[in-house]
Structures are given as C-alpha cells and as structure tokens.
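Engineer: Got a file for you: coords_0.txt, compact mmCIF, N, CA and C atoms.
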# COMPACT_ATOMS: atom_id res chain seq x y z
N MET A 1 -72.25 53.51 43.33
CA MET A 1 -71.27 52.61 42.79
C MET A 1 -70.10 52.52 43.75
N GLU A 2 -69.68 51.31 43.98
CA GLU A 2 -68.60 51.05 44.96
C GLU A 2 -67.24 51.26 44.31
N GLN A 3 -66.37 51.99 45.00
CA GLN A 3 -65.03 52.21 44.48
C GLN A 3 -64.14 51.02 44.81
N PRO A 4 -63.22 50.66 43.87
CA PRO A 4 -62.33 49.53 44.14
C PRO A 4 -61.37 49.89 45.27
N THR A 5 -61.11 48.90 46.08
CA THR A 5 -60.17 49.12 47.19
C THR A 5 -58.75 49.10 46.65
N GLU A 6 -57.94 49.90 47.25
CA GLU A 6 -56.55 50.01 46.80
C GLU A 6 -55.71 48.92 47.45
N CYS A 7 -54.86 48.33 46.66
CA CYS A 7 -53.97 47.27 47.15
C CYS A 7 -52.81 47.93 47.88
N THR A 8 -52.51 47.46 49.08
CA THR A 8 -51.46 48.09 49.89
C THR A 8 -50.21 47.23 50.00
N THR A 9 -50.09 46.21 49.18
CA THR A 9 -48.88 45.39 49.25
C THR A 9 -47.73 46.15 48.60
N PRO A 10 -46.50 45.88 49.02
CA PRO A 10 -45.35 46.59 48.45
C PRO A 10 -45.21 46.39 46.95
N LEU A 11 -45.63 45.24 46.43
CA LEU A 11 -45.48 44.99 45.00
C LEU A 11 -46.48 45.78 44.16
N ALA A 12 -47.55 46.29 44.79
CA ALA A 12 -48.56 47.03 44.06
C ALA A 12 -48.06 48.41 43.65
N HIS A 13 -47.16 48.97 44.41
CA HIS A 13 -46.62 50.30 44.14
C HIS A 13 -45.11 50.23 44.05
N PRO A 14 -44.54 50.28 42.84
CA PRO A 14 -43.09 50.16 42.68
C PRO A 14 -42.30 51.20 43.46
N THR A 15 -42.85 52.39 43.64
CA THR A 15 -42.10 53.40 44.40
C THR A 15 -41.99 53.01 45.86
N THR A 16 -42.96 52.23 46.34
CA THR A 16 -42.91 51.77 47.73
C THR A 16 -41.71 50.85 47.94
N LEU A 17 -41.36 50.08 46.93
CA LEU A 17 -40.23 49.16 47.04
C LEU A 17 -38.93 49.92 47.27
N ILE A 18 -38.80 51.05 46.61
CA ILE A 18 -37.59 51.86 46.79
C ILE A 18 -37.58 52.45 48.18
N ASP A 19 -38.75 52.86 48.65
CA ASP A 19 -38.85 53.49 49.96
C ASP A 19 -38.71 52.49 51.10
N ALA A 20 -39.06 51.22 50.86
CA ALA A 20 -39.07 50.25 51.94
C ALA A 20 -38.33 48.98 51.52
N PRO A 21 -36.98 49.00 51.51
CA PRO A 21 -36.24 47.81 51.09
C PRO A 21 -36.47 46.62 52.01
N LEU A 22 -36.72 46.90 53.27
CA LEU A 22 -36.98 45.80 54.21
C LEU A 22 -38.28 45.09 53.84
N SER A 23 -39.24 45.85 53.41
CA SER A 23 -40.51 45.27 52.98
C SER A 23 -40.31 44.41 51.73
N LEU A 24 -39.47 44.86 50.82
CA LEU A 24 -39.17 44.10 49.61
C LEU A 24 -38.48 42.78 49.97
N ILE A 25 -37.52 42.85 50.84
CA ILE A 25 -36.78 41.65 51.25
C ILE A 25 -37.74 40.66 51.91
N THR A 26 -38.61 41.15 52.76
CA THR A 26 -39.57 40.28 53.43
C THR A 26 -40.53 39.64 52.42
N THR A 27 -40.97 40.41 51.47
CA THR A 27 -41.89 39.89 50.45
C THR A 27 -41.21 38.82 49.61
N ILE A 28 -39.99 39.08 49.18
CA ILE A 28 -39.25 38.11 48.39
C ILE A 28 -38.99 36.84 49.19
N ARG A 29 -38.63 36.99 50.45
CA ARG A 29 -38.37 35.83 51.32
C ARG A 29 -39.62 34.97 51.44
N GLU A 30 -40.77 35.60 51.67
CA GLU A 30 -42.02 34.85 51.82
C GLU A 30 -42.38 34.15 50.51
N TYR A 31 -42.19 34.82 49.39
CA TYR A 31 -42.48 34.20 48.10
C TYR A 31 -41.55 33.00 47.87
N PHE A 32 -40.29 33.18 48.19
CA PHE A 32 -39.29 32.12 48.07
C PHE A 32 -39.69 30.91 48.93
N LEU A 33 -40.04 31.16 50.18
CA LEU A 33 -40.44 30.07 51.07
C LEU A 33 -41.70 29.36 50.57
N GLN A 34 -42.70 30.13 50.19
CA GLN A 34 -43.94 29.53 49.72
C GLN A 34 -43.72 28.69 48.47
N THR A 35 -42.89 29.18 47.57
CA THR A 35 -42.63 28.46 46.33
C THR A 35 -41.88 27.16 46.58
N LEU A 36 -40.82 27.23 47.37
CA LEU A 36 -40.01 26.03 47.58
C LEU A 36 -40.65 25.01 48.51
N THR A 37 -41.38 25.46 49.50
CA THR A 37 -41.98 24.50 50.43
C THR A 37 -43.07 23.67 49.76
N ALA A 38 -43.58 24.14 48.64
CA ALA A 38 -44.64 23.40 47.95
C ALA A 38 -44.09 22.40 46.93
N THR A 39 -42.79 22.36 46.75
CA THR A 39 -42.23 21.45 45.74
C THR A 39 -42.29 20.00 46.24
N PRO A 40 -42.45 19.06 45.32
CA PRO A 40 -42.50 17.65 45.72
C PRO A 40 -41.20 17.18 46.37
N PHE A 41 -40.06 17.71 45.92
CA PHE A 41 -38.78 17.33 46.51
C PHE A 41 -38.75 17.65 48.01
N VAL A 42 -39.16 18.84 48.37
CA VAL A 42 -39.14 19.26 49.77
C VAL A 42 -40.13 18.43 50.58
N ARG A 43 -41.34 18.28 50.06
CA ARG A 43 -42.35 17.51 50.80
C ARG A 43 -41.91 16.07 51.02
N LEU A 44 -41.36 15.44 49.99
CA LEU A 44 -40.91 14.06 50.10
C LEU A 44 -39.72 13.95 51.06
N SER A 45 -38.77 14.87 50.94
CA SER A 45 -37.59 14.84 51.81
C SER A 45 -37.98 15.00 53.28
N VAL A 46 -38.82 15.99 53.56
CA VAL A 46 -39.26 16.23 54.94
C VAL A 46 -40.03 15.03 55.47
N SER A 47 -40.85 14.45 54.62
CA SER A 47 -41.62 13.27 55.03
C SER A 47 -40.69 12.13 55.42
N LYS A 48 -39.69 11.86 54.60
CA LYS A 48 -38.77 10.75 54.90
C LYS A 48 -37.91 11.06 56.13
N ILE A 49 -37.47 12.31 56.26
CA ILE A 49 -36.69 12.68 57.44
C ILE A 49 -37.53 12.54 58.70
N ASN A 50 -38.79 12.95 58.63
CA ASN A 50 -39.67 12.85 59.80
C ASN A 50 -39.98 11.40 60.16
N VAL A 51 -40.05 10.52 59.16
CA VAL A 51 -40.23 9.09 59.45
C VAL A 51 -39.03 8.58 60.23
N LEU A 52 -37.85 8.96 59.79
CA LEU A 52 -36.63 8.57 60.48
C LEU A 52 -36.58 9.14 61.90
N LEU A 53 -36.96 10.41 62.04
CA LEU A 53 -36.96 11.04 63.37
C LEU A 53 -38.00 10.41 64.29
N THR A 54 -39.15 10.06 63.73
CA THR A 54 -40.18 9.40 64.53
C THR A 54 -39.69 8.03 64.98
N TRP A 55 -39.03 7.31 64.09
CA TRP A 55 -38.45 6.01 64.43
C TRP A 55 -37.42 6.16 65.55
N ALA A 56 -36.70 7.30 65.55
CA ALA A 56 -35.70 7.56 66.60
C ALA A 56 -36.34 8.14 67.86
N GLN A 57 -37.66 8.17 67.90
CA GLN A 57 -38.45 8.60 69.04
C GLN A 57 -38.26 10.09 69.38
N VAL A 58 -38.13 10.89 68.34
CA VAL A 58 -38.10 12.35 68.52
C VAL A 58 -39.53 12.80 68.76
N PRO A 59 -39.76 13.69 69.73
CA PRO A 59 -41.13 14.15 70.00
C PRO A 59 -41.77 14.80 68.78
N GLU A 60 -43.08 14.66 68.68
CA GLU A 60 -43.85 15.18 67.53
C GLU A 60 -43.62 16.67 67.32
N LYS A 61 -43.54 17.43 68.41
CA LYS A 61 -43.37 18.88 68.28
C LYS A 61 -41.98 19.27 67.75
N SER A 62 -41.04 18.35 67.76
CA SER A 62 -39.67 18.64 67.30
C SER A 62 -39.39 18.17 65.88
N LEU A 63 -40.41 17.62 65.21
CA LEU A 63 -40.20 17.15 63.85
C LEU A 63 -39.96 18.32 62.90
N LEU A 64 -39.32 18.04 61.80
CA LEU A 64 -38.93 19.04 60.82
C LEU A 64 -40.14 19.54 60.04
N THR A 65 -40.17 20.84 59.77
CA THR A 65 -41.21 21.41 58.91
C THR A 65 -40.59 21.73 57.55
N ASN A 66 -41.46 21.92 56.57
CA ASN A 66 -40.98 22.26 55.23
C ASN A 66 -40.17 23.56 55.24
N GLU A 67 -40.64 24.55 55.99
CA GLU A 67 -39.96 25.84 56.05
C GLU A 67 -38.57 25.69 56.67
N GLU A 68 -38.48 24.92 57.73
CA GLU A 68 -37.17 24.71 58.37
C GLU A 68 -36.21 24.02 57.41
N PHE A 69 -36.71 23.04 56.68
CA PHE A 69 -35.88 22.32 55.72
C PHE A 69 -35.36 23.26 54.64
N VAL A 70 -36.25 24.06 54.06
CA VAL A 70 -35.86 25.00 53.00
C VAL A 70 -34.87 26.03 53.53
N LEU A 71 -35.13 26.57 54.72
CA LEU A 71 -34.22 27.58 55.29
C LEU A 71 -32.85 26.98 55.60
N THR A 72 -32.82 25.74 56.08
CA THR A 72 -31.54 25.09 56.37
C THR A 72 -30.74 24.85 55.10
N LEU A 73 -31.40 24.32 54.08
CA LEU A 73 -30.71 24.10 52.80
C LEU A 73 -30.23 25.41 52.19
N THR A 74 -31.07 26.44 52.27
CA THR A 74 -30.69 27.74 51.72
C THR A 74 -29.48 28.31 52.46
N ALA A 75 -29.49 28.20 53.78
CA ALA A 75 -28.36 28.70 54.56
C ALA A 75 -27.08 27.95 54.20
N GLY A 76 -27.19 26.65 54.01
CA GLY A 76 -26.02 25.86 53.63
C GLY A 76 -25.47 26.25 52.26
N VAL A 77 -26.36 26.41 51.30
CA VAL A 77 -25.93 26.78 49.95
C VAL A 77 -25.33 28.18 49.94
N VAL A 78 -25.98 29.12 50.62
CA VAL A 78 -25.46 30.49 50.67
C VAL A 78 -24.10 30.52 51.35
N THR A 79 -23.92 29.72 52.41
CA THR A 79 -22.64 29.67 53.10
C THR A 79 -21.55 29.12 52.19
N LEU A 80 -21.83 28.04 51.49
CA LEU A 80 -20.83 27.45 50.60
C LEU A 80 -20.47 28.38 49.43
N VAL A 81 -21.47 29.00 48.84
CA VAL A 81 -21.20 29.92 47.74
C VAL A 81 -20.42 31.14 48.25
N GLY A 82 -20.83 31.65 49.41
CA GLY A 82 -20.11 32.79 49.99
C GLY A 82 -18.68 32.45 50.31
N TYR A 83 -18.45 31.27 50.84
CA TYR A 83 -17.08 30.84 51.14
C TYR A 83 -16.25 30.78 49.87
N TYR A 84 -16.82 30.21 48.82
CA TYR A 84 -16.08 30.10 47.57
C TYR A 84 -15.76 31.48 47.01
N VAL A 85 -16.75 32.36 47.01
CA VAL A 85 -16.55 33.70 46.46
C VAL A 85 -15.49 34.46 47.27
N LEU A 86 -15.57 34.37 48.60
CA LEU A 86 -14.66 35.14 49.44
C LEU A 86 -13.28 34.51 49.59
N PHE A 87 -13.22 33.18 49.69
CA PHE A 87 -11.95 32.53 50.01
C PHE A 87 -11.49 31.49 49.00
N GLY A 88 -12.39 30.92 48.25
CA GLY A 88 -12.07 29.80 47.37
C GLY A 88 -11.05 30.13 46.30
N LYS A 89 -11.20 31.26 45.67
CA LYS A 89 -10.28 31.62 44.59
C LYS A 89 -8.88 31.86 45.16
N ARG A 90 -8.82 32.51 46.31
CA ARG A 90 -7.52 32.77 46.92
C ARG A 90 -6.85 31.46 47.31
N HIS A 91 -7.64 30.53 47.86
CA HIS A 91 -7.08 29.23 48.23
C HIS A 91 -6.61 28.47 47.01
N GLY A 92 -7.35 28.59 45.92
CA GLY A 92 -6.96 27.92 44.68
C GLY A 92 -5.63 28.46 44.16
N ARG A 93 -5.48 29.77 44.19
CA ARG A 93 -4.20 30.37 43.75
C ARG A 93 -3.06 29.95 44.67
N LYS A 94 -3.35 29.90 45.96
CA LYS A 94 -2.31 29.49 46.92
C LYS A 94 -1.92 28.04 46.69
N ARG A 95 -2.88 27.17 46.42
CA ARG A 95 -2.58 25.76 46.15
C ARG A 95 -1.72 25.62 44.90
N LYS A 96 -2.04 26.39 43.86
CA LYS A 96 -1.24 26.33 42.63
C LYS A 96 0.19 26.80 42.89
N ARG A 97 0.32 27.87 43.68
CA ARG A 97 1.66 28.37 43.99
C ARG A 97 2.44 27.34 44.79
N LEU A 98 1.79 26.71 45.76
CA LEU A 98 2.46 25.68 46.56
C LEU A 98 2.82 24.47 45.71
N ALA A 99 1.96 24.10 44.79
CA ALA A 99 2.26 22.96 43.90
C ALA A 99 3.49 23.27 43.05
N GLU A 100 3.59 24.50 42.56
CA GLU A 100 4.75 24.90 41.76
C GLU A 100 6.02 24.89 42.61
N GLU A 101 5.92 25.40 43.83
CA GLU A 101 7.08 25.37 44.74
C GLU A 101 7.50 23.94 45.04
N LEU A 102 6.53 23.05 45.23
CA LEU A 102 6.83 21.64 45.50
C LEU A 102 7.53 21.01 44.29
N ARG A 103 7.04 21.32 43.09
CA ARG A 103 7.65 20.78 41.88
C ARG A 103 9.10 21.24 41.77
N LEU A 104 9.35 22.50 42.04
CA LEU A 104 10.72 23.01 41.99
C LEU A 104 11.61 22.37 43.06
N ALA A 105 11.04 22.19 44.25
CA ALA A 105 11.81 21.56 45.34
C ALA A 105 12.15 20.11 44.99
N GLN A 106 11.21 19.39 44.37
CA GLN A 106 11.47 18.01 43.98
C GLN A 106 12.55 17.95 42.90
N LYS A 107 12.51 18.90 41.99
CA LYS A 107 13.54 18.96 40.95
C LYS A 107 14.91 19.22 41.58
N GLN A 108 14.96 20.10 42.56
CA GLN A 108 16.23 20.40 43.24
C GLN A 108 16.72 19.18 44.03
N VAL A 109 15.81 18.46 44.67
CA VAL A 109 16.19 17.26 45.42
C VAL A 109 16.78 16.22 44.48
N ARG A 110 16.16 16.01 43.31
CA ARG A 110 16.70 15.06 42.33
C ARG A 110 18.11 15.48 41.88
N PHE A 111 18.29 16.76 41.65
CA PHE A 111 19.60 17.25 41.24
C PHE A 111 20.64 17.00 42.34
N LEU A 112 20.28 17.32 43.60
CA LEU A 112 21.21 17.12 44.70
C LEU A 112 21.50 15.63 44.94
N GLU A 113 20.49 14.76 44.73
CA GLU A 113 20.73 13.32 44.87
C GLU A 113 21.70 12.84 43.80
N ASP A 114 21.55 13.34 42.58
CA ASP A 114 22.49 12.96 41.51
C ASP A 114 23.90 13.45 41.84
N GLU A 115 24.01 14.66 42.36
CA GLU A 115 25.31 15.19 42.74
C GLU A 115 25.94 14.34 43.85
N LEU A 116 25.13 13.94 44.83
CA LEU A 116 25.63 13.11 45.92
C LEU A 116 26.08 11.75 45.40
N LEU A 117 25.34 11.16 44.49
CA LEU A 117 25.70 9.88 43.90
C LEU A 117 27.02 9.99 43.13
N LEU A 118 27.18 11.06 42.38
CA LEU A 118 28.43 11.28 41.65
C LEU A 118 29.61 11.46 42.62
N ALA A 119 29.37 12.20 43.69
CA ALA A 119 30.44 12.42 44.68
C ALA A 119 30.83 11.10 45.35
N LYS A 120 29.84 10.23 45.64
CA LYS A 120 30.14 8.93 46.24
C LYS A 120 30.94 8.07 45.28
N ARG A 121 30.60 8.09 43.99
CA ARG A 121 31.32 7.30 42.99
C ARG A 121 32.77 7.78 42.89
N GLU A 122 32.94 9.08 42.86
CA GLU A 122 34.31 9.63 42.79
C GLU A 122 35.11 9.26 44.02
N ASP A 123 34.45 9.28 45.16
CA ASP A 123 35.13 8.91 46.42
C ASP A 123 35.53 7.45 46.41
N MET A 124 34.65 6.57 45.86
CA MET A 124 34.95 5.14 45.80
C MET A 124 36.12 4.88 44.85
N PHE A 125 36.15 5.55 43.72
CA PHE A 125 37.22 5.34 42.73
C PHE A 125 38.56 5.93 43.19
N SER A 126 38.49 6.99 43.99
CA SER A 126 39.75 7.63 44.43
C SER A 126 40.37 6.89 45.61
N SER A 127 39.65 6.04 46.30
CA SER A 127 40.25 5.38 47.44
C SER A 127 40.82 4.03 47.11
Can the structure from this file be put into structure tokens for me?
Structural biologist:
Amino acid sequence: MEQPTECTTPLAHPTTLIDAPLSLITTIREYFLQTLTATPFVRLSVSKINVLLTWAQVPEKSLLTNEEFVLTLTAGVVTLVGYYVLFGKRHGRKRKRLAEELRLAQKQVRFLEDELLLAKREDMFSS
C-alpha cells in the first residue's frame, strides 16, 4: 500500500509559518497576485491600455502585463494610505490651526480698519 506524500507548502504546517515569515509573505503575495490578475477589471484594463500602447507603437515586449498592472495599483494605494496614516492627520490638524489663526487675523484686521475709519472721521471733524 502506497503512503500518501506529505505536503511541503508553508500553509500545510502552521508551525512552519511562524518559523518562516518570509515564506508566509511570499505565499500571500502570490495568492494576492493570482487572485487579482484573474479579475475581469484587471484583464479589461490591461487589454485597453495595451491597445493604446500598441497604437502609440510601443514594442510588443514592453506592453503591460496583468501582474505589472496589479503591482502598480497596489503600490499606489499602499503609498497613498501610508501617506495619510503617517502625515495626513498631522496636516489636517495643521490646516485647522492655520484656518483658526487666519480667522482671528481677519477679525483683528476688521477691528483695526474700523478704528482707522473712526480716527479719520475724528480728524475730518476736528479740522
């Protein structure tokens, strides 16, 4: 009787995942790529982009692949989310503080303009 062969993928043995985080990351990345590259959105987008690139006389070997498209979009999204997490909230607070300072400065300018107008009126009446 033939013995079943043992599966050696990282997902087959949960303890292997703890021992090999790089293997886990690679497995997740490959699953992510395979899943997204098969979606109709990606296939249609790449097809239309490649038609445009072909029309622009880009060589066949330089046309976009599904994997390149998914990786580019993923990098863009991760960059934007990372920027917001790291800097966006601070910039938002700074903008609010500057808006409040501007409002106070405008209020002070209106007050000083009224004072100047009153001083001009008094000067006109006294002369």
Engineer: Between CA of Lys61 in chain A and CA of Glu30 in chain A, what is the spacing in Å?
Structural biologist: 23.0 Å
Engineer: Using the file's own x, y and z axes, so that the box edges lie along x, y and z, what centre and edge lengths in Å (one decimal) does a box around every listed atom of range 39-44 of chain A get when 8 Å is added on each side? Give it as AutoDock Vina command-line options.
Structural biologist:
--center_x -40.8 --center_y 18.2 --center_z 48.2 --size_x 20.0 --size_y 24.4 --size_z 21.7
Engineer: Could you work out how far atom N of Leu53 in chain A lies from atom N of Thr35 in chain A, giving the answer in Å with one decimal?
Structural biologist: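 For atom N of Thr35 in chain A relative to atom N of Leu53 in chain A, the distance reads 24.4 Å.
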Engineer: Name all residues at most 8 Å from range 36-47 of chain A (count only C-alpha atoms; drop same-chain ones fewer than 5 positions away) and give them as a list of chain:residue names.
Structural biologist: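 Near neighbours after the sequence-gap exclusion: A:Leu64, A:Thr65, A:Asn66, A:Glu67, A:Phe69, A:Val70.
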Engineer: With N, CA and C atoms retained, could you export that selection as a tab-separated table (two decimals), in the frame of the given file?
Structural biologist:
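Dumped to result_3.tsv:
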chain	number	residue	atom	x	y	z
A	64	LEU	N	-39.32	18.04	61.80
A	64	LEU	CA	-38.93	19.04	60.82
A	64	LEU	C	-40.14	19.54	60.04
A	65	THR	N	-40.17	20.84	59.77
A	65	THR	CA	-41.21	21.41	58.91
A	65	THR	C	-40.59	21.73	57.55
A	66	ASN	N	-41.46	21.92	56.57
A	66	ASN	CA	-40.98	22.26	55.23
A	66	ASN	C	-40.17	23.56	55.24
A	67	GLU	N	-40.64	24.55	55.99
A	67	GLU	CA	-39.96	25.84	56.05
A	67	GLU	C	-38.57	25.69	56.67
A	69	PHE	N	-36.71	23.04	56.68
A	69	PHE	CA	-35.88	22.32	55.72
A	69	PHE	C	-35.36	23.26	54.64
A	70	VAL	N	-36.25	24.06	54.06
A	70	VAL	CA	-35.86	25.00	53.00
A	70	VAL	C	-34.87	26.03	53.53
Engineer: Record the distance separating atom C of Ser62 in chain A and atom C of Ile49 in chain A, expressed in Å with one decimal.
Structural biologist: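 Atom C of Ser62 in chain A sits 9.3 Å away from atom C of Ile49 in chain A.
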